[in-house]
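Report on the structure given below.
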Amino acid sequence: MIAVATMMAVASAVAAGALMVAASAPFDRAFAQQRGAHLAAQFDPAKASTARLVDTGKLAGVAASSGPYPSTAFRPVDRAGFPLPTLTLVGRPGPDGDVDRVELKSGRWARKPGEIVLTASFDGPTTGIGAVLTASGTTSAPALTVVGLAVSAGKSADAWATPAQVHALATAGNPVTSQMLYRFDSASTKERIVADRAKLAASVGPGALLGTQSWLDTKRAADQGAAATVPFVMAFGVLGIVMSVIIVSSVISGAVGTSLRRIGILKALGFTPREVVRAYVAQALIPAGAGIAFGVAFGNLLAVPLLADTEAVYGSVPLSVAWWVDVTVPAAALVVVGLAALIPALRAGRLRTVEAIAVGRSPRTGRGRWAQRVVGPLPLPRPVTYGLATPFTHPVRNLAMLLAVAFGAVAATFAVGLTSSLTAVGTSQDPESRAAVTVTTTRLEGAAPPPPPPPAGSGAGSPSPVGGGMTGTSAPRAADPAKVRSAITSRAGTRSYYGKTQGEAAVAGISGAVRASLYEGDSRSGGYEMLSGHWLTGTGQVVVPTRFLERTSAEIGDTVRVTYRKETANLRIVGESFDTSGSRLEIHADMADFASAEPGTFLVEVTSGVSADRYARELAAVVRPLGGDATTNAPSGQDGVILVMSAMAVLLTLMLVFVAGLGVLNSVVLDTRERIHDLGVCKAIGMTPRQTLGLVLASVTAIGVIGGLIGVPAGYALHGLVMPVMGRAVGTALPSPVLDVYEPVELVMLGLVGVVIAVLGALVPAGWAAGARTATALRTE
């Protein structure tokens, strides 16, 4: 029991420590190794000459600088014809520099026009080494061959090429700017970065500084995945440590209590009190040492999935559990176990030799008699009332059992709430999956194309040409949104629908593109959960995530200028959305604010009683000839990190519940062995094995009930404490649907967990007591 309890506690603590390191150390290590830029600044070359920009690297407080490098934005298209996101392209003669030493993950650096290096996150079948991209979707766009994949810890660019290539790709809409990279003597706070930025702006004159990117924002985005995991793993680690203290104290105390005669004999043979104390502490440390060793290995395995996700962010920078975590946690666990065992061991050392030999194993006379008098008159079978009073014979031992059951109930309640909240987070981030049917204005991948028309001169029954691919036929075309909309509204079974399209937009005050989701019609059914304000109710409104408000220092009610394609609109912020999609910002606005926007997708709700599958098939038959498609929505799958976190929560909870059951088993074994003579007397006067079983189980039932009553509210409170901390770790508050996940019936059922733990833990010794022969039980005296 000591080994399992310490294994669980150490495994949780090692995993928590590893994830705490992963929440900062990998980025810090990669950033320091590459001498990442504390501030990446974009300047207007028409207002700040090269010489003037070089001089900014000599300002007070600037430790190092690189640049200026020509920079522009472009949106390449892969060989399959799909456009990539808008990329920031920087012209650099090589990956090295005083600041931001870009690390090549594979391939080589671009040496001539027509070559490009992509950030490693774009590595894929159509964008890997040797892939050919076109600079845009136009037929005259130049081709670019991917010759390398690189990692920039500071995210200074998405792609790199020769300076001449950057100038060749610049357009009127995306002119060339000058990028400067800076490292400062002190850049640990936002205030320091803001002060240094103001100093740069003042040195180059008004209007020359176009935008900046702080390393603090990059670090926060890179760390938030592991950071979200730390609070709940730490919670399980604390529960495990407390459980270990309870189990160790209980086991050693029981060992002392059942070995009084042995302790007296040892002292009579010459053992000193100090030697007796050392003996009983060693009884705890030996199995604890084995449990700690297994716990370190298990904790490293628990941390592997999330560490692997974090390592992918940093390319070739190695990532593993820090050595000091594997040393500090076991050392601390040994100290905790030793202290937990020391108190009952000191009791053994203080025992007088004569008293220990005389008392032996028997409990003190008269202990628990008052409990027998209280429960005896209850209208229950006598074996049950006898069992209900039994815990009061050893109040300290049964208090340890009560605490073990209560902490098991805490873990179960917390885990149920945590997994429910994680599921709610995943569901809230995919609002489109709430609709029954998705209708697109282009055919979905894998959908059968409409049959080509029969050849000229053939009869109506002539077969369509097959076996010749698409040769001689026109390329698939997008459907007219108005015709698709008409097909939806005229279809029987349509309850409601709204249109949606996504694209990139520019927002004044934010460097780089943001994702814009535009809606047509009443989109409340497909809206994100709101932290404050409200969802879109008309034109002139925009809903933004928390990170948008933090980055722009805006508030609900402020107006922002949004440019979508070539149209600009001033939109008022009306709501703050719950969005955990990562570092890229997404805003939500009404499609009517931009005349050129057309819905690419319609999300449809069907009326009650209508089969979504049948509705989608019939609607697809109408819209496919137009170039569109319709399909039912499958339930949204959970994000990989959420699945890993849920699995870890379930595993750690099962371990805690198992340890709690072992704590009950330990206490009940001691009680039944100490009371075997009493049970023999009861059997001699007619108690059946079934009544004996009921007696032992009744002795733990009340403890299970009380443990559940204590554990469920504590687990509920722990969930309410940990979930907001997890939200703050990823830079957002949490909406009520994510926090308020417990149902009253669910809480009542969780209250029974304490009874289940207590009964299951007592089954084995109860069965042993029921099967013990009367004569054998009496002879033990």
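Chain labels A, B, ... are given in the sequence in which chains occur in the structure tokens; within each chain residues are numbered consecutively from 1, and ligands are likewise numbered from 1 in the order shown.
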Requested in this report: Mind checking which residues fall within 12 Å of Phe271 (chain A), counting only C-alpha atoms, ignoring those fewer than 5 positions away in the same chain, and posting them as a count of residues only?
Outcome: 14
**Report entry** One-decimal distance in Å that lies between CA of Val437 (chain A) and CA of Ala479 (chain A)
**Finding:** 17.2 Å
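By chain and then residue number, the residues within 8 Å of region 143-146 of chain A are Gly114, Glu115, Ile116, Val117, Leu118, Thr127, Gly128, Ile129, Gly130, Ala131, Val132, Leu133, Thr134, Ala135 and Leu149 of chain A, counting only C-alpha atoms and disregarding those fewer than 3 positions away in sequence.
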Expected file: the selected residues, N, CA, C and O atoms, as a PDB file, in the first residue's frame:
```pdb
ATOM      1  N   GLY A 114      13.920  32.399 -56.903  1.00  0.00           N
ATOM      2  CA  GLY A 114      13.214  31.166 -57.225  1.00  0.00           C
ATOM      3  C   GLY A 114      13.310  30.134 -56.125  1.00  0.00           C
ATOM      4  O   GLY A 114      12.702  29.064 -56.229  1.00  0.00           O
ATOM      5  N   GLU A 115      14.039  30.418 -55.037  1.00  0.00           N
ATOM      6  CA  GLU A 115      14.168  29.505 -53.899  1.00  0.00           C
ATOM      7  C   GLU A 115      13.593  30.169 -52.654  1.00  0.00           C
ATOM      8  O   GLU A 115      13.652  31.393 -52.484  1.00  0.00           O
ATOM      9  N   ILE A 116      13.051  29.334 -51.786  1.00  0.00           N
ATOM     10  CA  ILE A 116      12.406  29.855 -50.581  1.00  0.00           C
ATOM     11  C   ILE A 116      12.601  28.858 -49.448  1.00  0.00           C
ATOM     12  O   ILE A 116      12.690  27.641 -49.669  1.00  0.00           O
ATOM     13  N   VAL A 117      12.698  29.368 -48.229  1.00  0.00           N
ATOM     14  CA  VAL A 117      12.767  28.562 -47.012  1.00  0.00           C
ATOM     15  C   VAL A 117      11.504  28.835 -46.204  1.00  0.00           C
ATOM     16  O   VAL A 117      11.171  29.998 -45.949  1.00  0.00           O
ATOM     17  N   LEU A 118      10.791  27.774 -45.836  1.00  0.00           N
ATOM     18  CA  LEU A 118       9.557  27.921 -45.058  1.00  0.00           C
ATOM     19  C   LEU A 118       9.816  27.580 -43.601  1.00  0.00           C
ATOM     20  O   LEU A 118      10.714  26.802 -43.272  1.00  0.00           O
ATOM     21  N   THR A 127       4.214  20.947 -49.324  1.00  0.00           N
ATOM     22  CA  THR A 127       5.062  22.094 -48.968  1.00  0.00           C
ATOM     23  C   THR A 127       6.404  21.661 -48.414  1.00  0.00           C
ATOM     24  O   THR A 127       7.097  22.457 -47.790  1.00  0.00           O
ATOM     25  N   GLY A 128       6.784  20.396 -48.602  1.00  0.00           N
ATOM     26  CA  GLY A 128       8.053  19.919 -48.086  1.00  0.00           C
ATOM     27  C   GLY A 128       9.218  20.306 -48.990  1.00  0.00           C
ATOM     28  O   GLY A 128       9.074  21.065 -49.963  1.00  0.00           O
ATOM     29  N   ILE A 129      10.396  19.787 -48.655  1.00  0.00           N
ATOM     30  CA  ILE A 129      11.596  20.068 -49.445  1.00  0.00           C
ATOM     31  C   ILE A 129      11.373  19.628 -50.891  1.00  0.00           C
ATOM     32  O   ILE A 129      10.942  18.496 -51.153  1.00  0.00           O
ATOM     33  N   GLY A 130      11.654  20.517 -51.822  1.00  0.00           N
ATOM     34  CA  GLY A 130      11.482  20.219 -53.239  1.00  0.00           C
ATOM     35  C   GLY A 130      10.138  20.599 -53.799  1.00  0.00           C
ATOM     36  O   GLY A 130       9.947  20.598 -55.026  1.00  0.00           O
ATOM     37  N   ALA A 131       9.175  20.944 -52.936  1.00  0.00           N
ATOM     38  CA  ALA A 131       7.853  21.341 -53.423  1.00  0.00           C
ATOM     39  C   ALA A 131       7.948  22.686 -54.149  1.00  0.00           C
ATOM     40  O   ALA A 131       8.773  23.537 -53.813  1.00  0.00           O
ATOM     41  N   VAL A 132       7.104  22.851 -55.153  1.00  0.00           N
ATOM     42  CA  VAL A 132       7.086  24.089 -55.937  1.00  0.00           C
ATOM     43  C   VAL A 132       5.804  24.846 -55.616  1.00  0.00           C
ATOM     44  O   VAL A 132       4.701  24.309 -55.751  1.00  0.00           O
ATOM     45  N   LEU A 133       5.955  26.075 -55.167  1.00  0.00           N
ATOM     46  CA  LEU A 133       4.830  26.949 -54.887  1.00  0.00           C
ATOM     47  C   LEU A 133       4.800  28.063 -55.915  1.00  0.00           C
ATOM     48  O   LEU A 133       5.819  28.397 -56.526  1.00  0.00           O
ATOM     49  N   THR A 134       3.634  28.625 -56.130  1.00  0.00           N
ATOM     50  CA  THR A 134       3.537  29.845 -56.936  1.00  0.00           C
ATOM     51  C   THR A 134       3.250  31.008 -56.001  1.00  0.00           C
ATOM     52  O   THR A 134       2.574  30.852 -54.981  1.00  0.00           O
ATOM     53  N   ALA A 135       3.786  32.162 -56.340  1.00  0.00           N
ATOM     54  CA  ALA A 135       3.721  33.305 -55.437  1.00  0.00           C
ATOM     55  C   ALA A 135       2.308  33.805 -55.220  1.00  0.00           C
ATOM     56  O   ALA A 135       2.041  34.501 -54.243  1.00  0.00           O
ATOM     57  N   LEU A 149      13.598  24.002 -44.576  1.00  0.00           N
ATOM     58  CA  LEU A 149      12.612  24.198 -43.524  1.00  0.00           C
ATOM     59  C   LEU A 149      13.369  24.647 -42.279  1.00  0.00           C
ATOM     60  O   LEU A 149      14.362  24.016 -41.880  1.00  0.00           O
TER      61      LEU A 149
END
```
**Report entry** Residues within 9 Å of region 335-341 of chain A, only C-alpha atoms, excluding chain neighbours under 6 positions, as a VMD selection string
**Finding:** chain A and resid 2 6 241 244 to 253 280 to 285 288
Report as CSV the residues of region 247-306 of chain A within 12 Å of region 322-325 of chain A, each with its shortest atom pair and distance in Å (one decimal), using only C-alpha atoms, ordered by chain and increasing residue number.
```
residue,atom,partner,partner_atom,distance
A:Val296,CA,A:Val325,CA,9.3
A:Ala297,CA,A:Val325,CA,11.9
A:Gly299,CA,A:Val325,CA,10.3
A:Asn300,CA,A:Ala322,CA,9.9
A:Ala303,CA,A:Ala322,CA,11.2
```
Produce a file of the selected residues containing N, CA and C atoms, as a PDB file, in the first residue's frame.
```pdb
ATOM      1  N   VAL A 296       8.772   7.607 -10.540  1.00  0.00           N
ATOM      2  CA  VAL A 296       9.580   8.458 -11.413  1.00  0.00           C
ATOM      3  C   VAL A 296       9.456   7.996 -12.858  1.00  0.00           C
ATOM      4  N   ALA A 297       9.564   6.671 -13.069  1.00  0.00           N
ATOM      5  CA  ALA A 297       9.437   6.147 -14.439  1.00  0.00           C
ATOM      6  C   ALA A 297       8.042   6.412 -14.995  1.00  0.00           C
ATOM      7  N   GLY A 299       5.894   8.746 -14.068  1.00  0.00           N
ATOM      8  CA  GLY A 299       5.700  10.170 -14.287  1.00  0.00           C
ATOM      9  C   GLY A 299       6.329  10.640 -15.583  1.00  0.00           C
ATOM     10  N   ASN A 300       7.511  10.097 -15.907  1.00  0.00           N
ATOM     11  CA  ASN A 300       8.136  10.438 -17.183  1.00  0.00           C
ATOM     12  C   ASN A 300       7.276   9.985 -18.352  1.00  0.00           C
ATOM     13  N   ALA A 303       4.279  12.306 -18.885  1.00  0.00           N
ATOM     14  CA  ALA A 303       4.617  13.602 -19.471  1.00  0.00           C
ATOM     15  C   ALA A 303       4.934  13.515 -20.956  1.00  0.00           C
TER      16      ALA A 303
END
```
Report task. Considering only C-alpha atoms, return as JSON, numbers by chain whatever protein or nucleic-acid residues lie within 10 Å of Pro83 (chain A), sequence-local ones (same chain, fewer than 3 positions apart) excluded. Result -> {"A": [75, 76, 77, 78, 79, 80, 86, 133, 134, 135, 136, 137]}
Query raised in the report: Can you tell me, as a ChimeraX atom specification, what residues are no more than 10 Å from region 734-736 of chain A when counting only C-alpha atoms, ignoring any on the same chain fewer than 5 positions away?
Result: /A:421,424-425,428,529-532,577-579,723-728,741
Query raised in the report: Which residues, written as a list of chain:residue names, have at least one atom at most 7 Å from region 394-409 of chain A, with only C-alpha atoms counted and residues fewer than 2 positions away on the same chain left out?
Result: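 In the requested form, the answer reads A:Met243, A:Ile246, A:Ser250, A:Pro391, A:Phe392, A:Ala411, A:Ala412, A:Thr413, A:Leu656, A:Val657, A:Ala660, A:Gly663, A:Val664, A:Ser667, A:Ile703, A:Gly704, A:Gly707, A:Gly708, A:Ile710, A:Gly711, A:Val712, A:Val753, A:Gly754, A:Ile757, A:Ala758.
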Requested in this report: Among the residues of region 235-442 of chain A, find those DSSP assigns to strand (DSSP E or B) from the backbone and print them as a PyMOL selection string.
Outcome: chain A and resi 437-440
Export, as a short mmCIF file (atom, residue, chain, number, x, y, z; two decimals), in the first residue's frame, the selected residues with C-alpha atoms.
```cif
data_model
loop_
_atom_site.label_atom_id
_atom_site.label_comp_id
_atom_site.auth_asym_id
_atom_site.auth_seq_id
_atom_site.Cartn_x
_atom_site.Cartn_y
_atom_site.Cartn_z
CA VAL A 437 -26.43 19.75 -42.23
CA THR A 438 -23.61 21.66 -43.91
CA VAL A 439 -24.20 22.95 -47.44
CA THR A 440 -21.20 24.24 -49.40
#
```
